[in-house]
>>> print(open('model-v1.pdb').read())   # PDB, C-alpha atoms, pLDDT in the B column
ATOM      1  CA  MET A  82       0.000   0.000   0.000  1.00 74.00           C
ATOM      2  CA  PRO A  83       1.565   3.363  -1.010  1.00 87.00           C
ATOM      3  CA  THR A  84       1.595   5.428   2.198  1.00 92.00           C
ATOM      4  CA  SER A  85       3.193   8.806   2.818  1.00 93.00           C
ATOM      5  CA  ASP A  86       5.385   7.369   5.581  1.00 96.00           C
ATOM      6  CA  ALA A  87       6.780   4.788   3.171  1.00 96.00           C
ATOM      7  CA  ALA A  88       7.386   7.463   0.521  1.00 96.00           C
ATOM      8  CA  TYR A  89       9.297   9.653   3.000  1.00 97.00           C
ATOM      9  CA  ARG A  90      11.413   6.680   4.056  1.00 97.00           C
ATOM     10  CA  LEU A  91      12.217   5.786   0.445  1.00 97.00           C
ATOM     11  CA  ALA A  92      13.194   9.389  -0.236  1.00 97.00           C
ATOM     12  CA  ALA A  93      15.601   9.282   2.708  1.00 97.00           C
ATOM     13  CA  GLU A  94      17.031   5.960   1.525  1.00 97.00           C
ATOM     14  CA  ALA A  95      17.530   7.342  -1.976  1.00 97.00           C
ATOM     15  CA  ILE A  96      19.386  10.339  -0.546  1.00 96.00           C
ATOM     16  CA  ALA A  97      21.610   7.992   1.463  1.00 96.00           C
ATOM     17  CA  ALA A  98      22.252   5.500  -1.376  1.00 96.00           C
ATOM     18  CA  THR A  99      25.969   4.909  -1.920  1.00 95.00           C
ATOM     19  CA  SER A 100      25.707   2.648  -4.968  1.00 95.00           C
ATOM     20  CA  GLU A 101      23.446   1.995  -7.943  1.00 95.00           C
ATOM     21  CA  ALA A 102      22.538  -1.353  -6.392  1.00 96.00           C
ATOM     22  CA  ALA A 103      21.277   0.417  -3.271  1.00 97.00           C
ATOM     23  CA  LEU A 104      19.243   2.790  -5.421  1.00 97.00           C
ATOM     24  CA  VAL A 105      17.766  -0.156  -7.355  1.00 97.00           C
ATOM     25  CA  ASP A 106      16.687  -1.674  -4.031  1.00 97.00           C
ATOM     26  CA  VAL A 107      14.811   1.558  -3.266  1.00 97.00           C
ATOM     27  CA  LEU A 108      13.074   1.505  -6.651  1.00 98.00           C
ATOM     28  CA  VAL A 109      12.166  -2.179  -6.350  1.00 98.00           C
ATOM     29  CA  GLU A 110      10.600  -1.536  -2.951  1.00 97.00           C
ATOM     30  CA  ALA A 111       8.709   1.431  -4.412  1.00 98.00           C
ATOM     31  CA  CYS A 112       7.257  -0.895  -7.053  1.00 98.00           C
ATOM     32  CA  ALA A 113       6.166  -3.309  -4.330  1.00 97.00           C
ATOM     33  CA  HIS A 114       4.312  -0.529  -2.491  1.00 97.00           C
ATOM     34  CA  MET A 115       2.542   0.623  -5.668  1.00 97.00           C
ATOM     35  CA  GLY A 116       1.821  -2.819  -7.076  1.00 97.00           C
ATOM     36  CA  CYS A 117       3.722  -2.195 -10.311  1.00 97.00           C
ATOM     37  CA  SER A 118       6.344  -4.315 -12.038  1.00 98.00           C
ATOM     38  CA  TRP A 119       8.870  -1.965 -13.623  1.00 98.00           C
ATOM     39  CA  PHE A 120      10.756   1.281 -13.132  1.00 98.00           C
ATOM     40  CA  ALA A 121      12.866   3.411 -15.463  1.00 97.00           C
ATOM     41  CA  LEU A 122      14.924   6.350 -14.262  1.00 96.00           C
ATOM     42  CA  SER A 123      16.526   7.984 -17.290  1.00 94.00           C
ATOM     43  CA  HIS A 124      17.787  11.030 -19.131  1.00 93.00           C
ATOM     44  CA  HIS A 125      16.036  11.378 -22.482  1.00 92.00           C
ATOM     45  CA  VAL A 126      18.958  10.690 -24.776  1.00 87.00           C
ATOM     46  CA  ASP A 127      19.751   8.195 -27.536  1.00 87.00           C
ATOM     47  CA  PHE A 128      21.835   5.732 -25.532  1.00 84.00           C
ATOM     48  CA  LEU A 129      23.050   3.784 -28.566  1.00 83.00           C
ATOM     49  CA  ALA A 130      24.182   6.913 -30.422  1.00 76.00           C
ATOM     50  CA  ALA A 131      25.719   8.515 -27.320  1.00 67.00           C
ATOM     51  CA  PRO A 132      26.646   5.808 -24.794  1.00 65.00           C
ATOM     52  CA  GLY A 133      27.680   7.116 -21.407  1.00 70.00           C
ATOM     53  CA  LYS A 134      26.062  10.523 -22.001  1.00 75.00           C
ATOM     54  CA  GLY A 135      23.159  10.136 -19.624  1.00 83.00           C
ATOM     55  CA  VAL A 136      21.915   8.435 -16.495  1.00 90.00           C
ATOM     56  CA  ARG A 137      19.672   5.373 -16.790  1.00 93.00           C
ATOM     57  CA  VAL A 138      18.590   2.794 -14.213  1.00 95.00           C
ATOM     58  CA  HIS A 139      15.736   0.444 -15.158  1.00 97.00           C
ATOM     59  CA  ASN A 140      14.369  -3.081 -14.894  1.00 97.00           C
ATOM     60  CA  TYR A 141      12.192  -3.095 -18.028  1.00 97.00           C
ATOM     61  CA  PRO A 142      12.106  -6.338 -20.049  1.00 95.00           C
ATOM     62  CA  GLU A 143      15.365  -6.534 -21.993  1.00 95.00           C
ATOM     63  CA  ASP A 144      13.658  -7.144 -25.324  1.00 96.00           C
ATOM     64  CA  TRP A 145      11.513  -4.032 -24.855  1.00 96.00           C
ATOM     65  CA  ALA A 146      14.535  -1.934 -23.859  1.00 95.00           C
ATOM     66  CA  ARG A 147      16.488  -3.214 -26.864  1.00 95.00           C
ATOM     67  CA  TRP A 148      13.621  -2.439 -29.285  1.00 96.00           C
ATOM     68  CA  PHE A 149      13.296   1.019 -27.702  1.00 95.00           C
ATOM     69  CA  ASP A 150      17.008   1.787 -28.027  1.00 94.00           C
ATOM     70  CA  GLU A 151      17.377   0.440 -31.559  1.00 94.00           C
ATOM     71  CA  ARG A 152      14.835   3.039 -32.694  1.00 93.00           C
ATOM     72  CA  GLY A 153      16.426   5.917 -30.791  1.00 91.00           C
ATOM     73  CA  LEU A 154      13.230   6.539 -28.841  1.00 93.00           C
ATOM     74  CA  GLY A 155      15.013   8.085 -25.872  1.00 91.00           C
ATOM     75  CA  THR A 156      14.567  11.513 -27.454  1.00 89.00           C
ATOM     76  CA  SER A 157      11.122  11.035 -29.030  1.00 91.00           C
ATOM     77  CA  ASP A 158       9.151   8.549 -26.926  1.00 96.00           C
ATOM     78  CA  PRO A 159       5.619   9.902 -26.336  1.00 96.00           C
ATOM     79  CA  VAL A 160       5.880   9.558 -22.556  1.00 97.00           C
ATOM     80  CA  HIS A 161       9.200  11.404 -22.565  1.00 96.00           C
ATOM     81  CA  ARG A 162       7.762  14.160 -24.770  1.00 95.00           C
ATOM     82  CA  ALA A 163       4.764  14.538 -22.487  1.00 96.00           C
ATOM     83  CA  SER A 164       7.023  14.904 -19.460  1.00 96.00           C
ATOM     84  CA  HIS A 165       8.687  17.919 -21.099  1.00 93.00           C
ATOM     85  CA  LEU A 166       5.378  19.749 -20.759  1.00 94.00           C
ATOM     86  CA  ARG A 167       4.870  19.119 -17.043  1.00 94.00           C
ATOM     87  CA  THR A 168       6.444  20.136 -13.763  1.00 93.00           C
ATOM     88  CA  VAL A 169       4.665  17.365 -11.837  1.00 96.00           C
ATOM     89  CA  GLY A 170       3.898  13.732 -12.518  1.00 98.00           C
ATOM     90  CA  PHE A 171       1.082  12.315 -14.629  1.00 98.00           C
ATOM     91  CA  LEU A 172      -0.716   9.089 -15.408  1.00 98.00           C
ATOM     92  CA  TRP A 173      -0.025   7.868 -18.934  1.00 98.00           C
ATOM     93  CA  ARG A 174      -3.739   7.615 -19.683  1.00 97.00           C
ATOM     94  CA  ASP A 175      -4.053  11.380 -19.085  1.00 97.00           C
ATOM     95  CA  MET A 176      -1.303  12.391 -21.539  1.00 96.00           C
ATOM     96  CA  ALA A 177      -3.684  13.269 -24.390  1.00 93.00           C
ATOM     97  CA  GLN A 178      -5.055  16.124 -22.255  1.00 95.00           C
ATOM     98  CA  PHE A 179      -1.818  18.111 -22.548  1.00 95.00           C
ATOM     99  CA  SER A 180       0.468  16.433 -25.127  1.00 95.00           C
ATOM    100  CA  ARG A 181      -0.510  16.153 -28.798  1.00 93.00           C
ATOM    101  CA  PRO A 182       0.051  12.647 -30.192  1.00 93.00           C
ATOM    102  CA  ARG A 183       2.345  12.156 -33.181  1.00 93.00           C
ATOM    103  CA  PRO A 184       2.116   9.587 -35.970  1.00 93.00           C
ATOM    104  CA  GLY A 185       3.729   6.437 -34.695  1.00 93.00           C
ATOM    105  CA  ASP A 186       2.911   6.956 -31.010  1.00 95.00           C
ATOM    106  CA  ALA A 187       0.119   4.380 -31.047  1.00 96.00           C
ATOM    107  CA  ALA A 188       2.491   1.806 -32.560  1.00 96.00           C
ATOM    108  CA  ILE A 189       4.972   2.412 -29.732  1.00 97.00           C
ATOM    109  CA  PHE A 190       2.295   1.774 -27.109  1.00 97.00           C
ATOM    110  CA  ARG A 191       1.142  -1.349 -28.958  1.00 96.00           C
ATOM    111  CA  ARG A 192       4.700  -2.630 -28.987  1.00 97.00           C
ATOM    112  CA  ALA A 193       5.064  -1.897 -25.260  1.00 97.00           C
ATOM    113  CA  ARG A 194       1.929  -3.945 -24.575  1.00 97.00           C
ATOM    114  CA  ARG A 195       3.403  -6.834 -26.574  1.00 96.00           C
ATOM    115  CA  HIS A 196       6.234  -6.825 -24.024  1.00 96.00           C
ATOM    116  CA  GLY A 197       3.800  -6.689 -21.100  1.00 96.00           C
ATOM    117  CA  VAL A 198       3.928  -2.958 -20.355  1.00 97.00           C
ATOM    118  CA  HIS A 199       0.277  -1.793 -20.278  1.00 97.00           C
ATOM    119  CA  ASP A 200      -0.014   1.272 -18.045  1.00 98.00           C
ATOM    120  CA  GLY A 201       2.133   3.627 -16.030  1.00 98.00           C
ATOM    121  CA  LEU A 202       2.967   6.992 -14.573  1.00 98.00           C
ATOM    122  CA  THR A 203       5.890   9.366 -14.991  1.00 98.00           C
ATOM    123  CA  ILE A 204       7.522  12.019 -12.814  1.00 98.00           C
ATOM    124  CA  PRO A 205       9.511  14.655 -14.804  1.00 97.00           C
ATOM    125  CA  ALA A 206      13.077  15.453 -13.741  1.00 94.00           C
ATOM    126  CA  HIS A 207      14.524  18.513 -15.452  1.00 87.00           C
ATOM    127  CA  LEU A 208      17.705  20.469 -14.798  1.00 81.00           C
ATOM    128  CA  PRO A 209      18.980  23.376 -16.948  1.00 74.00           C
ATOM    129  CA  GLY A 210      21.982  22.328 -19.007  1.00 71.00           C
ATOM    130  CA  GLU A 211      21.074  18.641 -19.067  1.00 78.00           C
ATOM    131  CA  ALA A 212      18.856  16.542 -21.260  1.00 80.00           C
ATOM    132  CA  HIS A 213      15.357  16.182 -19.865  1.00 88.00           C
ATOM    133  CA  GLY A 214      14.857  13.229 -17.587  1.00 94.00           C
ATOM    134  CA  SER A 215      12.103  11.308 -15.838  1.00 97.00           C
ATOM    135  CA  VAL A 216      11.261   8.533 -13.412  1.00 98.00           C
ATOM    136  CA  SER A 217       8.574   6.128 -14.674  1.00 98.00           C
ATOM    137  CA  PHE A 218       6.758   3.186 -13.146  1.00 98.00           C
ATOM    138  CA  ALA A 219       4.815   0.669 -15.248  1.00 98.00           C
ATOM    139  CA  TRP A 220       2.096  -1.915 -14.659  1.00 98.00           C
ATOM    140  CA  PRO A 221       1.379  -5.223 -16.446  1.00 97.00           C
ATOM    141  CA  ARG A 222      -1.866  -6.264 -18.116  1.00 96.00           C
ATOM    142  CA  GLY A 223      -4.869  -6.197 -15.796  1.00 96.00           C
ATOM    143  CA  LYS A 224      -3.396  -3.589 -13.423  1.00 96.00           C
ATOM    144  CA  ARG A 225      -3.489   0.213 -13.601  1.00 96.00           C
ATOM    145  CA  ALA A 226      -1.578   3.121 -12.143  1.00 97.00           C
ATOM    146  CA  SER A 227      -3.636   5.032  -9.571  1.00 97.00           C
ATOM    147  CA  VAL A 228      -3.726   8.599  -8.336  1.00 97.00           C
ATOM    148  CA  GLU A 229      -2.501   7.290  -4.974  1.00 97.00           C
ATOM    149  CA  ALA A 230       0.510   5.732  -6.699  1.00 98.00           C
ATOM    150  CA  LEU A 231       1.143   9.003  -8.543  1.00 98.00           C
ATOM    151  CA  LEU A 232       1.225  10.992  -5.307  1.00 97.00           C
ATOM    152  CA  PHE A 233       3.432   8.343  -3.707  1.00 98.00           C
ATOM    153  CA  ALA A 234       5.930   8.448  -6.612  1.00 98.00           C
ATOM    154  CA  GLN A 235       5.923  12.236  -6.715  1.00 97.00           C
ATOM    155  CA  THR A 236       7.122  12.320  -3.097  1.00 96.00           C
ATOM    156  CA  PHE A 237      10.366  10.435  -3.618  1.00 96.00           C
ATOM    157  CA  ALA A 238      11.124  10.167  -7.357  1.00 97.00           C
ATOM    158  CA  GLY A 239      13.045  13.439  -7.549  1.00 96.00           C
ATOM    159  CA  PHE A 240      15.346  12.275  -4.772  1.00 97.00           C
ATOM    160  CA  ALA A 241      15.908   9.000  -6.618  1.00 97.00           C
ATOM    161  CA  PHE A 242      16.810  10.806  -9.833  1.00 96.00           C
ATOM    162  CA  GLU A 243      19.207  13.107  -8.013  1.00 94.00           C
ATOM    163  CA  ALA A 244      20.816  10.089  -6.345  1.00 95.00           C
ATOM    164  CA  ALA A 245      21.393   8.530  -9.774  1.00 94.00           C
ATOM    165  CA  ARG A 246      23.030  11.755 -10.996  1.00 91.00           C
ATOM    166  CA  ARG A 247      25.264  11.830  -7.919  1.00 91.00           C
ATOM    167  CA  LEU A 248      26.288   8.198  -8.316  1.00 91.00           C
ATOM    168  CA  SER A 249      27.024   8.512 -12.029  1.00 84.00           C
ATOM    169  CA  ASP A 250      29.697  10.447 -13.909  1.00 68.00           C
ATOM    170  CA  ALA A 251      27.532  10.320 -17.039  1.00 56.00           C
ATOM    171  CA  ALA A 252      25.201  13.236 -16.266  1.00 54.00           C
ATOM    172  CA  PRO A 253      25.186  15.447 -19.374  1.00 51.00           C
ATOM    173  CA  GLY A 254      26.096  19.072 -18.986  1.00 50.00           C
ATOM    174  CA  ALA A 255      28.335  18.553 -15.953  1.00 50.00           C
ATOM    175  CA  ALA A 256      31.105  20.675 -17.501  1.00 59.00           C
ATOM    176  CA  ARG A 257      29.099  23.601 -18.847  1.00 70.00           C
ATOM    177  CA  PRO A 258      30.871  26.696 -20.194  1.00 83.00           C
ATOM    178  CA  LYS A 259      31.680  29.531 -17.806  1.00 86.00           C
ATOM    179  CA  LEU A 260      31.239  33.073 -19.076  1.00 91.00           C
ATOM    180  CA  THR A 261      32.591  36.256 -17.544  1.00 93.00           C
ATOM    181  CA  ASP A 262      30.160  38.761 -16.070  1.00 93.00           C
ATOM    182  CA  ARG A 263      30.635  41.061 -19.070  1.00 94.00           C
ATOM    183  CA  GLN A 264      30.107  38.219 -21.545  1.00 94.00           C
ATOM    184  CA  LEU A 265      26.894  37.281 -19.742  1.00 93.00           C
ATOM    185  CA  GLU A 266      25.679  40.879 -19.957  1.00 93.00           C
ATOM    186  CA  CYS A 267      26.246  40.875 -23.690  1.00 95.00           C
ATOM    187  CA  VAL A 268      24.523  37.510 -24.126  1.00 93.00           C
ATOM    188  CA  ARG A 269      21.486  38.735 -22.173  1.00 93.00           C
ATOM    189  CA  TRP A 270      21.097  41.665 -24.543  1.00 94.00           C
ATOM    190  CA  VAL A 271      21.573  39.397 -27.565  1.00 94.00           C
ATOM    191  CA  ALA A 272      18.734  37.248 -26.235  1.00 92.00           C
ATOM    192  CA  ARG A 273      16.601  40.401 -26.074  1.00 92.00           C
ATOM    193  CA  GLY A 274      17.232  40.990 -29.777  1.00 92.00           C
ATOM    194  CA  LYS A 275      19.684  43.908 -29.510  1.00 94.00           C
ATOM    195  CA  SER A 276      22.404  44.530 -32.091  1.00 95.00           C
ATOM    196  CA  ASP A 277      26.092  44.871 -31.203  1.00 94.00           C
ATOM    197  CA  GLY A 278      25.840  48.623 -31.675  1.00 95.00           C
ATOM    198  CA  VAL A 279      22.873  48.974 -29.340  1.00 95.00           C
ATOM    199  CA  ILE A 280      24.500  46.715 -26.737  1.00 94.00           C
ATOM    200  CA  ALA A 281      27.608  48.889 -26.896  1.00 95.00           C
ATOM    201  CA  GLN A 282      25.519  52.005 -26.181  1.00 95.00           C
ATOM    202  CA  ILE A 283      23.664  50.327 -23.304  1.00 94.00           C
ATOM    203  CA  LEU A 284      26.835  49.044 -21.621  1.00 94.00           C
ATOM    204  CA  GLY A 285      29.030  52.049 -22.412  1.00 95.00           C
ATOM    205  CA  LEU A 286      31.484  49.959 -24.435  1.00 94.00           C
ATOM    206  CA  SER A 287      32.862  50.169 -27.936  1.00 95.00           C
ATOM    207  CA  GLU A 288      31.154  48.059 -30.555  1.00 94.00           C
ATOM    208  CA  ASP A 289      34.432  46.210 -31.163  1.00 95.00           C
ATOM    209  CA  THR A 290      34.591  45.291 -27.471  1.00 96.00           C
ATOM    210  CA  VAL A 291      31.054  43.914 -27.559  1.00 95.00           C
ATOM    211  CA  ARG A 292      31.896  41.864 -30.649  1.00 95.00           C
ATOM    212  CA  GLU A 293      34.962  40.487 -28.884  1.00 96.00           C
ATOM    213  CA  HIS A 294      32.950  39.515 -25.793  1.00 96.00           C
ATOM    214  CA  LEU A 295      30.393  37.733 -27.949  1.00 95.00           C
ATOM    215  CA  ARG A 296      33.062  36.075 -30.087  1.00 95.00           C
ATOM    216  CA  ASN A 297      34.696  34.679 -26.948  1.00 95.00           C
ATOM    217  CA  ALA A 298      31.323  33.562 -25.564  1.00 95.00           C
ATOM    218  CA  ARG A 299      30.494  31.765 -28.826  1.00 93.00           C
ATOM    219  CA  ALA A 300      33.864  30.026 -28.710  1.00 94.00           C
ATOM    220  CA  ARG A 301      33.218  28.767 -25.183  1.00 91.00           C
ATOM    221  CA  TYR A 302      29.842  27.362 -26.245  1.00 88.00           C
ATOM    222  CA  ASP A 303      31.033  26.264 -29.680  1.00 90.00           C
ATOM    223  CA  ALA A 304      28.074  28.279 -30.976  1.00 91.00           C
ATOM    224  CA  PRO A 305      28.304  29.348 -34.649  1.00 92.00           C
ATOM    225  CA  THR A 306      25.802  32.234 -34.375  1.00 93.00           C
ATOM    226  CA  ARG A 307      24.489  34.804 -31.903  1.00 92.00           C
ATOM    227  CA  THR A 308      21.123  33.027 -31.895  1.00 91.00           C
ATOM    228  CA  SER A 309      22.588  29.627 -31.064  1.00 91.00           C
ATOM    229  CA  LEU A 310      24.691  31.254 -28.331  1.00 92.00           C
ATOM    230  CA  ALA A 311      21.581  32.713 -26.680  1.00 91.00           C
ATOM    231  CA  ILE A 312      19.704  29.410 -26.966  1.00 88.00           C
ATOM    232  CA  ARG A 313      22.528  27.411 -25.396  1.00 85.00           C
ATOM    233  CA  ALA A 314      22.939  29.916 -22.572  1.00 87.00           C
ATOM    234  CA  LEU A 315      19.193  29.682 -21.906  1.00 84.00           C
ATOM    235  CA  PHE A 316      19.320  25.900 -22.015  1.00 78.00           C
ATOM    236  CA  ASP A 317      21.992  25.564 -19.347  1.00 75.00           C
ATOM    237  CA  GLY A 318      20.615  28.292 -17.104  1.00 77.00           C
ATOM    238  CA  SER A 319      23.427  30.820 -17.622  1.00 84.00           C
ATOM    239  CA  ILE A 320      20.678  33.272 -18.535  1.00 85.00           C
ATOM    240  CA  SER A 321      16.976  32.953 -17.779  1.00 80.00           C
ATOM    241  CA  PHE A 322      13.733  33.616 -19.602  1.00 78.00           C
ATOM    242  CA  GLY A 323      13.269  36.442 -17.111  1.00 81.00           C
ATOM    243  CA  ASP A 324      16.458  37.990 -18.494  1.00 81.00           C
ATOM    244  CA  VAL A 325      15.001  37.806 -21.993  1.00 83.00           C
ATOM    245  CA  ALA A 326      11.597  39.164 -21.019  1.00 77.00           C
ATOM    246  CA  GLY A 327      13.308  42.010 -19.180  1.00 66.00           C
ATOM    247  CA  GLY A 328      14.241  43.604 -22.495  1.00 55.00           C
TER     248      GLY A 328
END
>>> encode(input="model-v1.pdb", output="structure tokens")
Amino acid sequence: MPTSDAAYRLAAEAIAATSEAALVDVLVEACAHMGCSWFALSHHVDFLAAPGKGVRVHNYPEDWARWFDERGLGTSDPVHRASHLRTVGFLWRDMAQFSRPRPGDAAIFRRARRHGVHDGLTIPAHLPGEAHGSVSFAWPRGKRASVEALLFAQTFAGFAFEAARRLSDAAPGAARPKLTDRQLECVRWVARGKSDGVIAQILGLSEDTVREHLRNARARYDAPTRTSLAIRALFDGSISFGDVAGG
């Protein structure tokens, strides 16, 4: 039975986990409390194309995981896509309320059912500068995820995901670029749509100096254009959407 006391204890055990095996024990016990069969804690990356570039801990059937990976679904799976639109967890059967289906999604769910995976819930796990991530739990045929299970998972899943990041050296974005204060100022104004000349006037610098700051910032991000520089700085949290809206 998924109780709040059990969820708090699992959260504490996830925080204290010193190995992936210990974390797996926490997730297995969570499944027992919720009456589900499988868990998947993962960054949303293509693990075959970029091995070692993300965190993943799961006990899904191996043939399902292999089929999933062979098609590069880590970045396009419908459950993963839906989680990008939420700050809290959701039941899979409610996804159509906020995430538009794409051609091929139904075939993915049919294939999952062929491997025994019939229902589930997902808790998003997002951090600026890293690929999106999530913690999912899945139920076999004849069983369904419940609202009680969703609330239970929401209580501890974030701690489990953070434990996996801590225990792994594969978390993407760990070595993000560092910009100087002046470079960040220039990037903020670029994100607001200002030209080099206007930025120079705002900051009291020469236009050549602004260009140099932005050139150095692009080099640190390996960004070919001003636009891609602003996007990458937004993605990793170096600047915020509030910075952009402030213009």
>>> resolve_selection(input="model-v1.pdb", expression="the PyMOL selection byres ((chain A and resi 112) around 12)", output="tab-separated table (two decimals) with C-alpha atoms, keeping the file's coordinate frame")
chain	number	residue	atom	x	y	z
A	82	MET	CA	0.00	0.00	0.00
A	83	PRO	CA	1.56	3.36	-1.01
A	87	ALA	CA	6.78	4.79	3.17
A	88	ALA	CA	7.39	7.46	0.52
A	91	LEU	CA	12.22	5.79	0.44
A	105	VAL	CA	17.77	-0.16	-7.36
A	106	ASP	CA	16.69	-1.67	-4.03
A	107	VAL	CA	14.81	1.56	-3.27
A	108	LEU	CA	13.07	1.50	-6.65
A	109	VAL	CA	12.17	-2.18	-6.35
A	110	GLU	CA	10.60	-1.54	-2.95
A	111	ALA	CA	8.71	1.43	-4.41
A	113	ALA	CA	6.17	-3.31	-4.33
A	114	HIS	CA	4.31	-0.53	-2.49
A	115	MET	CA	2.54	0.62	-5.67
A	116	GLY	CA	1.82	-2.82	-7.08
A	117	CYS	CA	3.72	-2.19	-10.31
A	118	SER	CA	6.34	-4.32	-12.04
A	119	TRP	CA	8.87	-1.96	-13.62
A	120	PHE	CA	10.76	1.28	-13.13
A	121	ALA	CA	12.87	3.41	-15.46
A	139	HIS	CA	15.74	0.44	-15.16
A	140	ASN	CA	14.37	-3.08	-14.89
A	201	GLY	CA	2.13	3.63	-16.03
A	202	LEU	CA	2.97	6.99	-14.57
A	217	SER	CA	8.57	6.13	-14.67
A	218	PHE	CA	6.76	3.19	-13.15
A	219	ALA	CA	4.82	0.67	-15.25
A	220	TRP	CA	2.10	-1.92	-14.66
A	221	PRO	CA	1.38	-5.22	-16.45
A	226	ALA	CA	-1.58	3.12	-12.14
A	230	ALA	CA	0.51	5.73	-6.70
A	231	LEU	CA	1.14	9.00	-8.54
A	233	PHE	CA	3.43	8.34	-3.71
A	234	ALA	CA	5.93	8.45	-6.61
A	238	ALA	CA	11.12	10.17	-7.36
>>> resolve_selection(input="model-v1.pdb", expression="the PyMOL selection byres ((chain A and resi 307-324) around 6)", output="PyMOL selection string")
chain A and resi 209-210+272+299+304+306+325-327
>>> write_last_selection(input="model-v1.pdb", atoms="C-alpha atoms", output="PDB file, in the frame of the given file")
ATOM      1  CA  PRO A 209      18.980  23.376 -16.948  1.00 74.00           C
ATOM      2  CA  GLY A 210      21.982  22.328 -19.007  1.00 71.00           C
ATOM      3  CA  ALA A 272      18.734  37.248 -26.235  1.00 92.00           C
ATOM      4  CA  ARG A 299      30.494  31.765 -28.826  1.00 93.00           C
ATOM      5  CA  ALA A 304      28.074  28.279 -30.976  1.00 91.00           C
ATOM      6  CA  THR A 306      25.802  32.234 -34.375  1.00 93.00           C
ATOM      7  CA  VAL A 325      15.001  37.806 -21.993  1.00 83.00           C
ATOM      8  CA  ALA A 326      11.597  39.164 -21.019  1.00 77.00           C
ATOM      9  CA  GLY A 327      13.308  42.010 -19.180  1.00 66.00           C
TER      10      GLY A 327
END
>>> residues_around(input="model-v1.pdb", residues="region 281-289 of chain A", least_positions_apart="6", cutoff="12 Å", atoms="only C-alpha atoms", output="PDB file with C-alpha atoms, keeping the file's coordinate frame")
ATOM      1  CA  ARG A 263      30.635  41.061 -19.070  1.00 94.00           C
ATOM      2  CA  GLN A 264      30.107  38.219 -21.545  1.00 94.00           C
ATOM      3  CA  LEU A 265      26.894  37.281 -19.742  1.00 93.00           C
ATOM      4  CA  GLU A 266      25.679  40.879 -19.957  1.00 93.00           C
ATOM      5  CA  CYS A 267      26.246  40.875 -23.690  1.00 95.00           C
ATOM      6  CA  ARG A 269      21.486  38.735 -22.173  1.00 93.00           C
ATOM      7  CA  TRP A 270      21.097  41.665 -24.543  1.00 94.00           C
ATOM      8  CA  VAL A 271      21.573  39.397 -27.565  1.00 94.00           C
ATOM      9  CA  LYS A 275      19.684  43.908 -29.510  1.00 94.00           C
ATOM     10  CA  LEU A 295      30.393  37.733 -27.949  1.00 95.00           C
ATOM     11  CA  ARG A 296      33.062  36.075 -30.087  1.00 95.00           C
ATOM     12  CA  GLY A 328      14.241  43.604 -22.495  1.00 55.00           C
TER      13      GLY A 328
END
>>> residues_around(input="model-v1.pdb", residues="Arg181 (chain A)", least_positions_apart="4", cutoff="10 Å", atoms="only C-alpha atoms", output="ChimeraX atom specification")
/A:159,162-163,176-177
>>> atom_distance(input="model-v1.pdb", atom1="CA of Arg167 (chain A)", atom2="CA of Gly214 (chain A)")
11.6 Å
>>> residues_around(input="model-v1.pdb", residues="His124 (chain A)", least_positions_apart="5", cutoff="12 Å", atoms="all atoms listed in the file", output="PyMOL selection string")
chain A and resi 131-139+154-158+161-162+164-165+205-208+211-217+242-243+245-246+249+251-254
>>> atom_distance(input="model-v1.pdb", atom1="CA of Phe171 (chain A)", atom2="CA of Ile204 (chain A)")
6.7 Å
>>> resolve_selection(input="model-v1.pdb", expression="the PyMOL selection byres ((chain A and resi 96) around 12)", output="PyMOL selection string")
chain A and resi 89-95+97-101+103-104+107+237-248
>>> atom_distance(input="model-v1.pdb", atom1="CA of Ala146 (chain A)", atom2="CA of Glu229 (chain A)")
27.1 Å
>>> residues_around(input="model-v1.pdb", residues="Asp144 (chain A)", least_positions_apart="6", cutoff="12 Å", atoms="only C-alpha atoms", output="VMD selection string")
chain A and resid 150 to 151 192 to 193 195 to 198
>>> closest_residue(input="model-v1.pdb", among="A:Val291, A:Asp200, A:Leu166, A:Arg301", to="Val279 (chain A)", atoms="all atoms listed in the file")
A:Val291
>>> axis_aligned_box(input="model-v1.pdb", around="region 109-121 of chain A", padding_each_side="3 Å", output="JSON")
{"center_x": 7.3, "center_y": -0.5, "center_z": -9.0, "size_x": 17.0, "size_y": 13.7, "size_z": 19.0}
>>> closest_residue(input="model-v1.pdb", among="A:His294, A:Arg194, A:Ser123, A:Ser85", to="Ile280 (chain A)", atoms="all atoms listed in the file")
A:His294
>>> closest_residue(input="model-v1.pdb", among="A:Arg273, A:Arg257, A:Leu129, A:Gln178", to="Asp303 (chain A)", atoms="all atoms listed in the file")
A:Arg257
